[in-house]
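Reading through the structure tokens given below for one structure.
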Amino acid sequence: METKTKKPKLLKINGLRWWIIGLVCLATIINYIDRSALAIMWPDISNDLGMDKNDYALILNVFLVAYAIGQSVSGKMFDKIGTRLGFVVSITVWGLATALHALARGVLTFSFFRVLLGLGEAGNWPGAVKSNAEWFPVKERALAQGIFNSGAAMGSIVAPPLIAVVWVAIGWKMTFLLLGILGLIWVIPWLIFNKALPSKHNWITDEERDHILSGMQQKEEASDKPGLSMSAILAHRESWAVLASRFFIEPIWWLFVGWMPIYLADVYGFNVKEIGLMAWVPYVGAALGSLSGGYYSGRLMINGASIDKARKQTILIGCIIMFLGMAATILYGNTPIKFVAIVAVVLFGFQFVISNIQTIPSDLFSGKSVGSLAGLGGTVGIFSVIIMNFLVPVITENYSYTPIFIMIAAFVPLGYLSISFFAKEIKSVD
């Protein structure tokens with residue numbers, strides 16, 4: 001009598017999409033720890049190697065030029081080879097680049113390694129936007145983007161105390177080496193969990209697959225279907241809402257990420273340990289803003305609001321919070337405790353806004369064009385930051401940080417108005 005052998009039951013993971021976004025969030029935490037290390041350890045590095053604030057500005061801007069170029073290049077790369085391999089390439093490059101910082105001996109070598117770091121780290125953002133478009137229905141995307149963006153805040157929270165402790169134990173060179181290894185380890189779980197798209201992943205439950213696919217504006221595209229050319233993407237007026245808003249909004253985040261440790265050292269005479277104790281505080285506000293902005297716009301849509309209304313209303317609220325926070329920084333941020341507390345409010349508003357701005361490419365286009373627009377938006381935003389970074393050392397050496405804060409505050413309403421002007425209605429255009 002012939003007996004039938006039972007097929008082994010396939011592994012199914014409930015909420016697989018949340019595991020995916022959790023890994024992307026973890027990559028972002030590593031991303032921000034790696035990029036923050038230079039600023040946090042700068043007082044020691046500059047004393048060791050005889051460099052000054054102008055050298056720091058040059059190294060930071062070299063990183064940002066590479067980062068800006070990398071946003072567009074990696075956006076196209078992710079559209080071409082997919083999010084699974086795209087993340088492997090990006091994080092391997094930036095992990096190795098971080099480790100190589102241990103060999104730096106001056107401005108030239110630091111600049112070279114920062115170029116590699118910028119090219120690698122840039123892929124994290126267009127890659128995350130594209131991954132969210134693949135793994136989340138429209139109503140959950142801003143929340144997923146908020147979770148991902150909270151990784152930037154959490155990385156910035158963890159980085160100062162972590163790096164200060166490790167620096168005390170093993171010095172700045174070995175700290176860079178250890179941080180670089182973290183990124184390379186991340187690749188292992190990413191390859192295990194992100195085996196395929198939701199429609200083909202054999203670990204996803206039928207209920208979750210149906211939930212994801214039924215909640216998309218477009219079905220998952222065929223793998224051989226090409227995305228739109230950049231000229232075709234830019235032919236849509238709505239695409240310029242992404243580019244213009246990121247040009248005005250992006251410098252707000254980078255002003256504090258790139259310069260707050262230097263500000264605390266310049267204005268209050270903080271050393272590496274004191275920076276480690278204080279510089280993480282504002283990013284608690286940023287983490288809360290990331291989750292709140294994504295949740296708020298998603299809740300509006302669940303309650304019947306259109307994508308257009310949900311995005312614009314959330315962005316408006318965040319911009320008001322940012323503007324009031326920047327004004328308070330100028331008027332009341334005259335002690336270290338007041339300053340970091342007010343910056344926490346500013347960064348809450350920034351993350352409340354940016355999760356929704358970064359989601360707009362997936363609102364407008366389908367899969368193989370999303371990474372391209374998201375990457376170009378990142379490039380435009382970073383070039384605005386580069387201009388700001390050239391101005392910071394010049395203005396602060398001759399005046400103070402106040403003119404920089406005033407300029408950034410003026411950018412906030414321009415960011416919101418650019419969305420209202422270019423995107424009369426945020427909806428699918430392809």
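Ligands are numbered from 1 in the order shown, residues from 1 within each chain, and chains are lettered A, B, ... in the order they appear in the structure tokens.
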Selection: 9 Å around region 298-301 of chain A, only C-alpha atoms, excl. self and same-chain fewer than 2 positions, as a PyMOL selection string: chain A and resi 138-143+293-296+303-307+309-311
Env of Gly123 (chain A): 12 Å cut, atoms = only C-alpha atoms, seq-sep filter 2 positions within chain, self excluded. Answer as an mmCIF file with N, CA, C and O atoms, in the first residue's frame.
```cif
data_model
loop_
_atom_site.group_PDB
_atom_site.id
_atom_site.type_symbol
_atom_site.label_atom_id
_atom_site.label_comp_id
_atom_site.auth_asym_id
_atom_site.auth_seq_id
_atom_site.Cartn_x
_atom_site.Cartn_y
_atom_site.Cartn_z
ATOM 1 N N VAL A 24 15.158 47.966 7.800
ATOM 2 C CA VAL A 24 15.520 49.227 7.154
ATOM 3 C C VAL A 24 15.766 50.300 8.220
ATOM 4 O O VAL A 24 16.698 51.107 8.110
ATOM 5 N N ALA A 27 19.141 49.666 9.695
ATOM 6 C CA ALA A 27 20.182 50.156 8.781
ATOM 7 C C ALA A 27 20.348 51.665 8.913
ATOM 8 O O ALA A 27 21.466 52.192 8.866
ATOM 9 N N THR A 28 19.225 52.371 9.108
ATOM 10 C CA THR A 28 19.270 53.823 9.235
ATOM 11 C C THR A 28 19.926 54.238 10.542
ATOM 12 O O THR A 28 20.658 55.234 10.598
ATOM 13 N N ASN A 31 23.483 53.858 9.894
ATOM 14 C CA ASN A 31 23.844 54.939 8.979
ATOM 15 C C ASN A 31 24.190 56.207 9.757
ATOM 16 O O ASN A 31 25.228 56.850 9.532
ATOM 17 N N ALA A 66 29.324 63.972 -2.509
ATOM 18 C CA ALA A 66 29.226 62.551 -2.850
ATOM 19 C C ALA A 66 27.856 62.002 -2.480
ATOM 20 O O ALA A 66 27.266 61.205 -3.223
ATOM 21 N N TYR A 67 27.334 62.429 -1.336
ATOM 22 C CA TYR A 67 26.021 61.979 -0.869
ATOM 23 C C TYR A 67 24.923 62.443 -1.819
ATOM 24 O O TYR A 67 23.988 61.694 -2.129
ATOM 25 N N ALA A 68 25.036 63.691 -2.295
ATOM 26 C CA ALA A 68 24.042 64.236 -3.224
ATOM 27 C C ALA A 68 24.054 63.469 -4.546
ATOM 28 O O ALA A 68 23.002 63.083 -5.073
ATOM 29 N N ILE A 69 25.247 63.258 -5.083
ATOM 30 C CA ILE A 69 25.365 62.501 -6.333
ATOM 31 C C ILE A 69 24.881 61.072 -6.123
ATOM 32 O O ILE A 69 24.165 60.499 -6.949
ATOM 33 N N GLY A 70 25.262 60.519 -4.971
ATOM 34 C CA GLY A 70 24.874 59.152 -4.661
ATOM 35 C C GLY A 70 23.377 58.951 -4.552
ATOM 36 O O GLY A 70 22.861 57.867 -4.857
ATOM 37 N N GLN A 71 22.636 59.980 -4.143
ATOM 38 C CA GLN A 71 21.176 59.859 -4.047
ATOM 39 C C GLN A 71 20.567 59.544 -5.414
ATOM 40 O O GLN A 71 19.743 58.642 -5.553
ATOM 41 N N SER A 72 20.966 60.309 -6.429
ATOM 42 C CA SER A 72 20.415 60.079 -7.769
ATOM 43 C C SER A 72 20.930 58.773 -8.371
ATOM 44 O O SER A 72 20.163 58.008 -8.969
ATOM 45 N N VAL A 73 22.224 58.519 -8.220
ATOM 46 C CA VAL A 73 22.806 57.296 -8.782
ATOM 47 C C VAL A 73 22.199 56.066 -8.120
ATOM 48 O O VAL A 73 21.805 55.104 -8.784
ATOM 49 N N SER A 74 22.098 56.087 -6.793
ATOM 50 C CA SER A 74 21.560 54.920 -6.095
ATOM 51 C C SER A 74 20.070 54.769 -6.325
ATOM 52 O O SER A 74 19.553 53.647 -6.341
ATOM 53 N N GLY A 75 19.354 55.887 -6.527
ATOM 54 C CA GLY A 75 17.932 55.783 -6.864
ATOM 55 C C GLY A 75 17.735 54.981 -8.138
ATOM 56 O O GLY A 75 16.872 54.088 -8.217
ATOM 57 N N LYS A 76 18.549 55.290 -9.140
ATOM 58 C CA LYS A 76 18.495 54.522 -10.398
ATOM 59 C C LYS A 76 18.952 53.079 -10.174
ATOM 60 O O LYS A 76 18.397 52.141 -10.759
ATOM 61 N N MET A 77 19.978 52.900 -9.325
ATOM 62 C CA MET A 77 20.483 51.555 -9.047
ATOM 63 C C MET A 77 19.394 50.694 -8.406
ATOM 64 O O MET A 77 19.184 49.542 -8.804
ATOM 65 N N PHE A 78 18.694 51.246 -7.423
ATOM 66 C CA PHE A 78 17.627 50.494 -6.763
ATOM 67 C C PHE A 78 16.506 50.158 -7.742
ATOM 68 O O PHE A 78 15.931 49.069 -7.673
ATOM 69 N N ASP A 79 16.187 51.092 -8.649
ATOM 70 C CA ASP A 79 15.158 50.796 -9.647
ATOM 71 C C ASP A 79 15.616 49.696 -10.598
ATOM 72 O O ASP A 79 14.802 48.944 -11.122
ATOM 73 N N GLY A 82 16.819 46.354 -7.828
ATOM 74 C CA GLY A 82 15.887 46.015 -6.773
ATOM 75 C C GLY A 82 16.385 46.403 -5.392
ATOM 76 O O GLY A 82 17.579 46.671 -5.182
ATOM 77 N N THR A 83 15.460 46.420 -4.445
ATOM 78 C CA THR A 83 15.813 46.871 -3.099
ATOM 79 C C THR A 83 16.695 45.868 -2.360
ATOM 80 O O THR A 83 17.549 46.257 -1.562
ATOM 81 N N ARG A 84 16.496 44.582 -2.600
ATOM 82 C CA ARG A 84 17.264 43.566 -1.861
ATOM 83 C C ARG A 84 18.762 43.734 -2.118
ATOM 84 O O ARG A 84 19.556 43.895 -1.190
ATOM 85 N N LEU A 85 19.174 43.696 -3.387
ATOM 86 C CA LEU A 85 20.587 43.825 -3.714
ATOM 87 C C LEU A 85 21.069 45.262 -3.565
ATOM 88 O O LEU A 85 22.239 45.498 -3.230
ATOM 89 N N GLY A 86 20.171 46.219 -3.797
ATOM 90 C CA GLY A 86 20.556 47.624 -3.667
ATOM 91 C C GLY A 86 21.034 47.954 -2.268
ATOM 92 O O GLY A 86 22.056 48.633 -2.084
ATOM 93 N N PHE A 87 20.315 47.463 -1.258
ATOM 94 C CA PHE A 87 20.736 47.706 0.125
ATOM 95 C C PHE A 87 22.052 47.003 0.440
ATOM 96 O O PHE A 87 22.881 47.525 1.190
ATOM 97 N N VAL A 88 22.249 45.810 -0.098
ATOM 98 C CA VAL A 88 23.509 45.094 0.139
ATOM 99 C C VAL A 88 24.692 45.912 -0.388
ATOM 100 O O VAL A 88 25.706 46.079 0.300
ATOM 101 N N VAL A 89 24.550 46.436 -1.616
ATOM 102 C CA VAL A 89 25.620 47.245 -2.207
ATOM 103 C C VAL A 89 25.874 48.493 -1.358
ATOM 104 O O VAL A 89 27.015 48.813 -1.004
ATOM 105 N N SER A 90 24.793 49.206 -1.013
ATOM 106 C CA SER A 90 24.941 50.469 -0.289
ATOM 107 C C SER A 90 25.601 50.294 1.065
ATOM 108 O O SER A 90 26.572 50.978 1.412
ATOM 109 N N ILE A 91 25.084 49.369 1.870
ATOM 110 C CA ILE A 91 25.591 49.262 3.241
ATOM 111 C C ILE A 91 26.980 48.615 3.286
ATOM 112 O O ILE A 91 27.781 48.909 4.173
ATOM 113 N N THR A 92 27.295 47.784 2.308
ATOM 114 C CA THR A 92 28.653 47.233 2.252
ATOM 115 C C THR A 92 29.666 48.334 1.960
ATOM 116 O O THR A 92 30.726 48.411 2.593
ATOM 117 N N VAL A 93 29.319 49.217 1.025
ATOM 118 C CA VAL A 93 30.216 50.321 0.681
ATOM 119 C C VAL A 93 30.408 51.239 1.875
ATOM 120 O O VAL A 93 31.540 51.612 2.228
ATOM 121 N N TRP A 94 29.296 51.632 2.550
ATOM 122 C CA TRP A 94 29.475 52.592 3.641
ATOM 123 C C TRP A 94 30.080 51.946 4.887
ATOM 124 O O TRP A 94 30.790 52.609 5.640
ATOM 125 N N LEU A 116 33.531 57.955 -0.172
ATOM 126 C CA LEU A 116 33.030 56.577 -0.204
ATOM 127 C C LEU A 116 31.838 56.413 0.735
ATOM 128 O O LEU A 116 30.843 55.751 0.394
ATOM 129 N N LEU A 117 31.938 57.033 1.913
ATOM 130 C CA LEU A 117 30.832 56.956 2.867
ATOM 131 C C LEU A 117 29.572 57.594 2.297
ATOM 132 O O LEU A 117 28.472 57.030 2.410
ATOM 133 N N GLY A 118 29.723 58.764 1.683
ATOM 134 C CA GLY A 118 28.567 59.459 1.117
ATOM 135 C C GLY A 118 27.911 58.683 -0.002
ATOM 136 O O GLY A 118 26.679 58.596 -0.080
ATOM 137 N N LEU A 119 28.719 58.095 -0.881
ATOM 138 C CA LEU A 119 28.165 57.310 -1.987
ATOM 139 C C LEU A 119 27.384 56.106 -1.464
ATOM 140 O O LEU A 119 26.328 55.751 -1.990
ATOM 141 N N GLY A 120 27.912 55.464 -0.415
ATOM 142 C CA GLY A 120 27.222 54.303 0.142
ATOM 143 C C GLY A 120 25.986 54.672 0.931
ATOM 144 O O GLY A 120 24.903 54.115 0.715
ATOM 145 N N GLU A 121 26.106 55.648 1.837
ATOM 146 C CA GLU A 121 24.977 56.002 2.702
ATOM 147 C C GLU A 121 23.808 56.590 1.935
ATOM 148 O O GLU A 121 22.656 56.481 2.369
ATOM 149 N N TRP A 125 18.135 56.122 1.544
ATOM 150 C CA TRP A 125 16.876 56.875 1.464
ATOM 151 C C TRP A 125 16.026 56.499 0.251
ATOM 152 O O TRP A 125 14.862 56.114 0.420
ATOM 153 N N PRO A 126 16.515 56.602 -0.985
ATOM 154 C CA PRO A 126 15.680 56.121 -2.094
ATOM 155 C C PRO A 126 15.347 54.644 -1.960
ATOM 156 O O PRO A 126 14.261 54.197 -2.350
ATOM 157 N N GLY A 127 16.266 53.867 -1.368
ATOM 158 C CA GLY A 127 15.998 52.445 -1.172
ATOM 159 C C GLY A 127 14.840 52.216 -0.218
ATOM 160 O O GLY A 127 13.985 51.352 -0.440
ATOM 161 N N ALA A 128 14.782 52.997 0.863
ATOM 162 C CA ALA A 128 13.693 52.848 1.831
ATOM 163 C C ALA A 128 12.358 53.264 1.235
ATOM 164 O O ALA A 128 11.333 52.603 1.453
ATOM 165 N N VAL A 129 12.340 54.374 0.485
ATOM 166 C CA VAL A 129 11.090 54.822 -0.155
ATOM 167 C C VAL A 129 10.579 53.746 -1.104
ATOM 168 O O VAL A 129 9.385 53.425 -1.140
ATOM 169 N N LYS A 130 11.483 53.171 -1.881
ATOM 170 C CA LYS A 130 11.096 52.129 -2.834
ATOM 171 C C LYS A 130 10.624 50.872 -2.105
ATOM 172 O O LYS A 130 9.631 50.250 -2.484
ATOM 173 N N SER A 131 11.335 50.490 -1.044
ATOM 174 C CA SER A 131 10.943 49.317 -0.270
ATOM 175 C C SER A 131 9.554 49.499 0.330
ATOM 176 O O SER A 131 8.720 48.579 0.302
ATOM 177 N N GLY A 371 12.147 55.227 -6.969
ATOM 178 C CA GLY A 371 13.512 55.431 -6.513
ATOM 179 C C GLY A 371 14.197 56.581 -7.243
ATOM 180 O O GLY A 371 14.974 57.326 -6.644
ATOM 181 N N SER A 372 13.892 56.736 -8.523
ATOM 182 C CA SER A 372 14.531 57.800 -9.314
ATOM 183 C C SER A 372 14.144 59.174 -8.802
ATOM 184 O O SER A 372 15.003 60.048 -8.618
ATOM 185 N N ALA A 374 12.763 59.877 -5.813
ATOM 186 C CA ALA A 374 13.216 60.010 -4.426
ATOM 187 C C ALA A 374 14.704 60.348 -4.372
ATOM 188 O O ALA A 374 15.130 61.197 -3.577
ATOM 189 N N GLY A 375 15.497 59.705 -5.215
ATOM 190 C CA GLY A 375 16.933 59.973 -5.245
ATOM 191 C C GLY A 375 17.253 61.375 -5.716
ATOM 192 O O GLY A 375 18.107 62.057 -5.133
ATOM 193 N N LEU A 376 16.563 61.837 -6.764
ATOM 194 C CA LEU A 376 16.800 63.195 -7.257
ATOM 195 C C LEU A 376 16.388 64.219 -6.218
ATOM 196 O O LEU A 376 17.069 65.240 -6.037
ATOM 197 N N GLY A 378 16.542 63.841 -3.025
ATOM 198 C CA GLY A 378 17.625 63.855 -2.049
ATOM 199 C C GLY A 378 18.822 64.647 -2.542
ATOM 200 O O GLY A 378 19.442 65.397 -1.785
ATOM 201 N N THR A 379 19.146 64.504 -3.835
ATOM 202 C CA THR A 379 20.274 65.243 -4.412
ATOM 203 C C THR A 379 20.046 66.740 -4.330
ATOM 204 O O THR A 379 20.930 67.501 -3.912
#
```
Proximity to Val385 (chain A) - best of A:Phe411, A:Tyr283, A:Phe348, A:Trp186, only C-alpha atoms: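 Distance minimum relative to Val385 (chain A) lands on A:Phe411.
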Surrounding residues of Arg114 (chain A) excluding itself and chain neighbours under 6 positions, 12 Å, only C-alpha atoms, as a ChimeraX atom specification: /A:34-38,56,58-67,93-102,104,106-108,120-122
